[in-house]
Amino acid sequence: MLETELKFAVNASFAVPAFDEERTGVARVDKLEPLDLRAVYHDTPDLRLARNGVTLRYRTGEGEKGGWQLKLPVEGDFISREELHFDGGPRPIPDEARDLVTAFVRSSRLNPVATLRSKRRRWALTGAEDDLLAEIMDDEVSVFEGRRIMSRFREVELEKRLASDEQLARMADVLRESGASQSEPIPKAIRALGPEATAPPDPPVVDVVDPGEPAHVAVRAALSRAIHRILTHDPLARLGDPEGVHQMRVGARRFRSDLRTFAPLLDPEWSEGLHERARDLAGLLGNVRDLDVLVEGFEKAGADIRSNLQPLFDTLISRSESAREEMLGLLRSERYVRLLDELVEAATEPIFSDVAAGDCGTVLPPLVEERWQKLSDAAKTLSRDSPAEAFHDVRKKAKRARYAAEAVAPALGDRSKDAQKFAKAIANVQDVLGEHQDGIVAIQTIEDVMSETRRTPRFAYAAGRLAERQIRAIDDNRASFFKVWDDVDKKKHRRWLKQ
């Protein structure tokens, strides 16, 4: 369940105001039964969950028995968080919850770190048709250490139910006009735990690097961004979210690509070993993602003959389930935990060569130019009749050149926008050739399933039509490639490399 809430600081005299129906959609405000909530929060000794915006707690006071709640940030934003519930007593932590925080906890351990008691007053904001638009919660929070109260604070939350984003914003305006001050969207437990809970995660993510700084600062930042993408999307991948799998795969690919791009700045033995150890993760994620893309593509291309293609979809679903089981087998292994620890350490403390001491503005652009040259040389050998493998090779080189430009862009100051435009132009090449490769894989898959599956006349006819559509799409992609390449292969996109 997606939870969206806004937090406010209020003074002692604050009272819930009236809401104008025409302005906010709120027809009436109903006071609800108060609650006496007690929550025990669990985290690692160095607060890894809190530092990633994650909270895991056992809470009582909302029903006859307590339960566990896990909240995961959505796109790194505390305002919206994915809230998951698990049955069970206060001990032990449910296995499902432990599984979902593996990437953050890694080889550390979970312990109780804070106990909060909240005396909650509540109001329902209801629309004209008795639809619950939002709730206001006014919490008097006590933070305990053992039986001793260490601190107290008051917090008002406006939590979205059926309201639109615009309605929620107008309700928030009314609260501010009534004396409430919108505060940072920081969970109560993180606020209670103090500064250590708001420290950067491991590895710390740096968005911008000064071009005058040593190049090793930019390398560390790029590797950290890739690892952070893996860690934050790990729970979603475990929950079966295709986008979570996709983003984890992108993180693994970017990490391996960054190791290649920055190879002259890194210790070769160290970087090569990491590149190989991350291969299995990228491969298993890729197996799942590729099947997701296949199914989605067939659903779209064969929508009008879908019922006759059921044997194809049955086979792909079976393959997908097997691929997910294999992926989850790795994600739930000790080997994966060790790999994550190693990746976090690698992004935090890479082993550099002497070249990495040079400044970013001088050292980094030539690394991208090398990637570009390899792409350009390969692309200019293509013709409409080139084999599929040649187009696929250009696609891979385009991806590497794009990733290289995106990796260095945050460290190039005034040239950053030009580097990003360069990467975006190459992304167009990657997209066209990605669709081309999807078509090649689709045809091979159709042929494989046809050879493995009992053919009915309807299925054989539908599969043939689907294959013909893929062939036409491949021809269109090849034609599109040369148009896109003509735009990419212009000097204006590469001037920043020579400045």
# chains A, B, ... in the order shown; residues from 1 in each chain; ligands from 1

$ residues_around --residues "stretch 421-435 of chain A" --least-positions-apart "3" --cutoff "9 Å" --atoms "only C-alpha atoms" --output "MDAnalysis selection string"
chainID A and resid 391:392 394:399 401:406 416:418 438:440 473:474 477:478 480:481 484:485 487:488 493:494

$ residues_around --residues "A:Ala39" --least-positions-apart "5" --cutoff "7 Å" --atoms "only C-alpha atoms" --output "list of chain:residue names"
A:Arg57, A:Tyr58, A:Arg59, A:Thr60, A:Thr115, A:Leu116, A:Arg117

$ residues_around --residues "A:Leu100" --least-positions-apart "5" --cutoff "9 Å" --atoms "only C-alpha atoms" --output "PyMOL selection string"
chain A and resi 70+95+234-236+238-239

$ atom_distance --atom1 "atom CA of A:Glu159" --atom2 "atom CA of A:Thr102"
28.4 Å

$ residues_around --residues "A:Leu367" --least-positions-apart "2" --cutoff "8 Å" --atoms "only C-alpha atoms" --output "ChimeraX atom specification"
/A:261-262,363-365,369-371,404

$ residues_around --residues "A:Pro242" --least-positions-apart "6" --cutoff "12 Å" --atoms "only C-alpha atoms" --output "ChimeraX atom specification"
/A:233-236,248-249,285-293,295-296,320,324

$ write_last_selection --atoms "C-alpha atoms" --output "CSV table (one decimal), in the first residue's frame"
chain,number,residue,atom,x,y,z
A,233,HIS,CA,15.5,-1.5,-5.8
A,234,ASP,CA,16.3,-4.8,-4.2
A,235,PRO,CA,13.1,-4.9,-2.1
A,236,LEU,CA,10.9,-4.2,-5.2
A,248,MET,CA,18.6,-3.4,-10.3
A,249,ARG,CA,19.8,-4.7,-13.6
A,285,LEU,CA,18.5,-10.1,-13.3
A,286,GLY,CA,18.8,-9.9,-17.1
A,287,ASN,CA,17.1,-13.3,-17.6
A,288,VAL,CA,14.1,-12.1,-15.7
A,289,ARG,CA,14.0,-8.7,-17.4
A,290,ASP,CA,14.4,-10.1,-20.9
A,291,LEU,CA,11.4,-12.4,-20.4
A,292,ASP,CA,9.3,-9.5,-19.0
A,293,VAL,CA,10.2,-7.5,-22.2
A,295,VAL,CA,5.9,-10.9,-22.9
A,296,GLU,CA,5.2,-7.2,-23.0
A,320,SER,CA,9.7,-16.4,-16.3
A,324,ARG,CA,12.5,-15.5,-11.0

$ closest_atom_pairs --of "stretch 118-168 of chain A" --to "stretch 34-37 of chain A" --cutoff "8 Å" --atoms "only C-alpha atoms" --output "tab-separated table"
residue	atom	partner	partner_atom	distance
A:Ser118	CA	A:Leu37	CA	5.0
A:Lys119	CA	A:Asp36	CA	4.8
A:Arg120	CA	A:Leu35	CA	5.1
A:Arg121	CA	A:Pro34	CA	4.7
A:Arg122	CA	A:Pro34	CA	6.2

$ write_last_selection --atoms "C-alpha atoms" --output "PDB file, in the first residue's frame"
ATOM      1  CA  SER A 118       2.179   8.200  20.504  1.00  0.00           C
ATOM      2  CA  LYS A 119      -1.069   9.525  21.924  1.00  0.00           C
ATOM      3  CA  ARG A 120      -2.924  10.132  18.689  1.00  0.00           C
ATOM      4  CA  ARG A 121      -5.959  12.283  18.054  1.00  0.00           C
ATOM      5  CA  ARG A 122      -7.564  11.801  14.632  1.00  0.00           C
TER       6      ARG A 122
END

$ closest_residue --among "A:Gln444, A:Thr362, A:Ser164, A:Ser383" --to "A:Gln499" --atoms "only C-alpha atoms"
A:Thr362

$ residues_around --residues "A:Leu2" --least-positions-apart "2" --cutoff "8 Å" --atoms "only C-alpha atoms" --output "PyMOL selection string"
chain A and resi 4+80-83

$ atom_distance --atom1 "atom CA of A:Ile446" --atom2 "atom CA of A:Ala463"
6.8 Å

$ select_by_dssp --residues "stretch 137-354 of chain A" --states "alpha helix (DSSP H)" --output "PyMOL selection string"
chain A and resi 165-177+188-193+215-238+242-261+268-277+279-301+310-331+334-348

$ write_last_selection --atoms "C-alpha atoms" --output "short mmCIF file (atom, residue, chain, number, x, y, z; two decimals), in the first residue's frame"
data_model
loop_
_atom_site.label_atom_id
_atom_site.label_comp_id
_atom_site.auth_asym_id
_atom_site.auth_seq_id
_atom_site.Cartn_x
_atom_site.Cartn_y
_atom_site.Cartn_z
CA ASP A 165 -2.75 15.55 -5.21
CA GLU A 166 -4.28 18.97 -5.86
CA GLN A 167 -6.85 18.53 -3.08
CA LEU A 168 -4.14 17.39 -0.68
CA ALA A 169 -2.06 20.46 -1.50
CA ARG A 170 -5.04 22.74 -0.80
CA MET A 171 -5.72 20.99 2.52
CA ALA A 172 -2.08 21.57 3.42
CA ASP A 173 -2.50 25.26 2.56
CA VAL A 174 -5.40 25.46 5.02
CA LEU A 175 -3.29 23.89 7.77
CA ARG A 176 -0.46 26.33 7.14
CA GLU A 177 -2.87 29.25 7.19
CA LYS A 188 9.22 9.82 13.68
CA ALA A 189 11.77 7.12 14.46
CA ILE A 190 14.45 8.84 12.41
CA ARG A 191 13.69 12.11 14.17
CA ALA A 192 13.87 10.36 17.54
CA LEU A 193 17.17 8.64 16.78
CA ALA A 215 39.19 12.40 -10.75
CA HIS A 216 39.00 9.72 -8.04
CA VAL A 217 36.22 11.75 -6.39
CA ALA A 218 34.09 11.43 -9.54
CA VAL A 219 34.86 7.72 -9.85
CA ARG A 220 33.78 7.08 -6.27
CA ALA A 221 30.58 9.08 -6.88
CA ALA A 222 29.71 7.15 -10.06
CA LEU A 223 30.28 3.75 -8.46
CA SER A 224 28.20 4.81 -5.44
CA ARG A 225 25.27 5.85 -7.64
CA ALA A 226 25.27 2.46 -9.34
CA ILE A 227 25.42 0.51 -6.07
CA HIS A 228 22.75 2.72 -4.49
CA ARG A 229 20.44 1.88 -7.41
CA ILE A 230 20.94 -1.83 -6.74
CA LEU A 231 20.31 -1.53 -3.00
CA THR A 232 17.21 0.65 -3.17
CA HIS A 233 15.48 -1.48 -5.82
CA ASP A 234 16.33 -4.84 -4.25
CA PRO A 235 13.11 -4.95 -2.13
CA LEU A 236 10.93 -4.20 -5.16
CA ALA A 237 12.61 -6.95 -7.16
CA ARG A 238 11.89 -9.42 -4.34
CA PRO A 242 9.26 -5.62 -13.00
CA GLU A 243 10.59 -2.07 -12.64
CA GLY A 244 12.50 -3.08 -9.52
CA VAL A 245 14.20 -5.89 -11.47
CA HIS A 246 14.90 -3.52 -14.35
CA GLN A 247 16.49 -0.86 -12.14
CA MET A 248 18.59 -3.42 -10.26
CA ARG A 249 19.84 -4.71 -13.58
CA VAL A 250 20.63 -1.18 -14.74
CA GLY A 251 22.57 -0.62 -11.50
CA ALA A 252 24.60 -3.79 -12.00
CA ARG A 253 25.25 -2.94 -15.64
CA ARG A 254 26.29 0.61 -14.84
CA PHE A 255 28.64 -0.59 -12.12
CA ARG A 256 30.36 -3.00 -14.49
CA SER A 257 30.42 -0.39 -17.27
CA ASP A 258 31.90 2.22 -14.91
CA LEU A 259 34.67 -0.18 -13.95
CA ARG A 260 35.51 -0.50 -17.65
CA THR A 261 35.23 3.24 -18.37
CA PRO A 268 43.47 -3.44 -12.75
CA GLU A 269 43.47 -6.58 -10.60
CA TRP A 270 41.01 -5.05 -8.15
CA SER A 271 38.58 -3.75 -10.80
CA GLU A 272 38.70 -6.87 -12.96
CA GLY A 273 37.87 -9.10 -10.00
CA LEU A 274 34.86 -6.95 -9.09
CA HIS A 275 33.68 -6.86 -12.70
CA GLU A 276 33.59 -10.64 -12.81
CA ARG A 277 31.94 -11.09 -9.39
CA ARG A 279 28.48 -10.78 -13.57
CA ASP A 280 26.17 -13.41 -12.04
CA LEU A 281 23.91 -10.78 -10.49
CA ALA A 282 23.59 -8.87 -13.76
CA GLY A 283 22.97 -12.12 -15.65
CA LEU A 284 20.18 -13.45 -13.43
CA LEU A 285 18.45 -10.07 -13.33
CA GLY A 286 18.79 -9.91 -17.11
CA ASN A 287 17.15 -13.29 -17.56
CA VAL A 288 14.06 -12.08 -15.70
CA ARG A 289 13.99 -8.68 -17.35
CA ASP A 290 14.39 -10.06 -20.89
CA LEU A 291 11.40 -12.36 -20.41
CA ASP A 292 9.33 -9.46 -19.05
CA VAL A 293 10.19 -7.46 -22.17
CA LEU A 294 9.36 -10.40 -24.44
CA VAL A 295 5.94 -10.94 -22.89
CA GLU A 296 5.16 -7.23 -23.00
CA GLY A 297 6.23 -7.03 -26.63
CA PHE A 298 4.18 -10.05 -27.67
CA GLU A 299 1.13 -8.72 -25.81
CA LYS A 300 1.38 -5.51 -27.81
CA ALA A 301 2.28 -6.96 -31.20
CA GLN A 310 -1.66 -19.07 -25.61
CA PRO A 311 0.96 -21.87 -25.97
CA LEU A 312 3.59 -19.19 -26.53
CA PHE A 313 2.56 -17.22 -23.45
CA ASP A 314 2.30 -20.39 -21.34
CA THR A 315 5.90 -21.24 -22.22
CA LEU A 316 7.15 -17.74 -21.48
CA ILE A 317 5.31 -17.60 -18.16
CA SER A 318 6.87 -20.91 -17.17
CA ARG A 319 10.31 -19.68 -18.17
CA SER A 320 9.72 -16.43 -16.30
CA GLU A 321 8.76 -18.24 -13.12
CA SER A 322 11.90 -20.36 -13.31
CA ALA A 323 14.06 -17.30 -13.95
CA ARG A 324 12.52 -15.50 -10.95
CA GLU A 325 13.11 -18.50 -8.71
CA GLU A 326 16.74 -18.59 -9.79
CA MET A 327 17.08 -14.84 -9.21
CA LEU A 328 15.51 -15.07 -5.75
CA GLY A 329 17.76 -18.01 -4.96
CA LEU A 330 20.77 -15.75 -5.46
CA LEU A 331 19.21 -12.77 -3.64
CA GLU A 334 24.97 -15.73 1.71
CA ARG A 335 26.98 -15.27 -1.48
CA TYR A 336 24.78 -12.31 -2.43
CA VAL A 337 25.15 -10.72 1.01
CA ARG A 338 28.93 -11.01 0.73
CA LEU A 339 28.78 -9.50 -2.76
CA LEU A 340 26.77 -6.52 -1.50
CA ASP A 341 29.23 -5.91 1.33
CA GLU A 342 32.04 -6.04 -1.20
CA LEU A 343 30.27 -3.68 -3.62
CA VAL A 344 29.54 -1.13 -0.89
CA GLU A 345 33.15 -1.27 0.26
CA ALA A 346 34.34 -0.97 -3.34
CA ALA A 347 32.25 2.15 -3.96
CA THR A 348 33.35 3.67 -0.65
#

$ closest_residue --among "A:Val408, A:Ala50, A:Leu266, A:Val16" --to "A:Val113" --atoms "only C-alpha atoms"
A:Ala50

$ select_by_dssp --residues "stretch 1-154 of chain A" --states "strand (DSSP E)" --output "PyMOL selection string"
chain A and resi 2-9+28-43+55-60+67-74+77-86+111-126+132-145+148-154
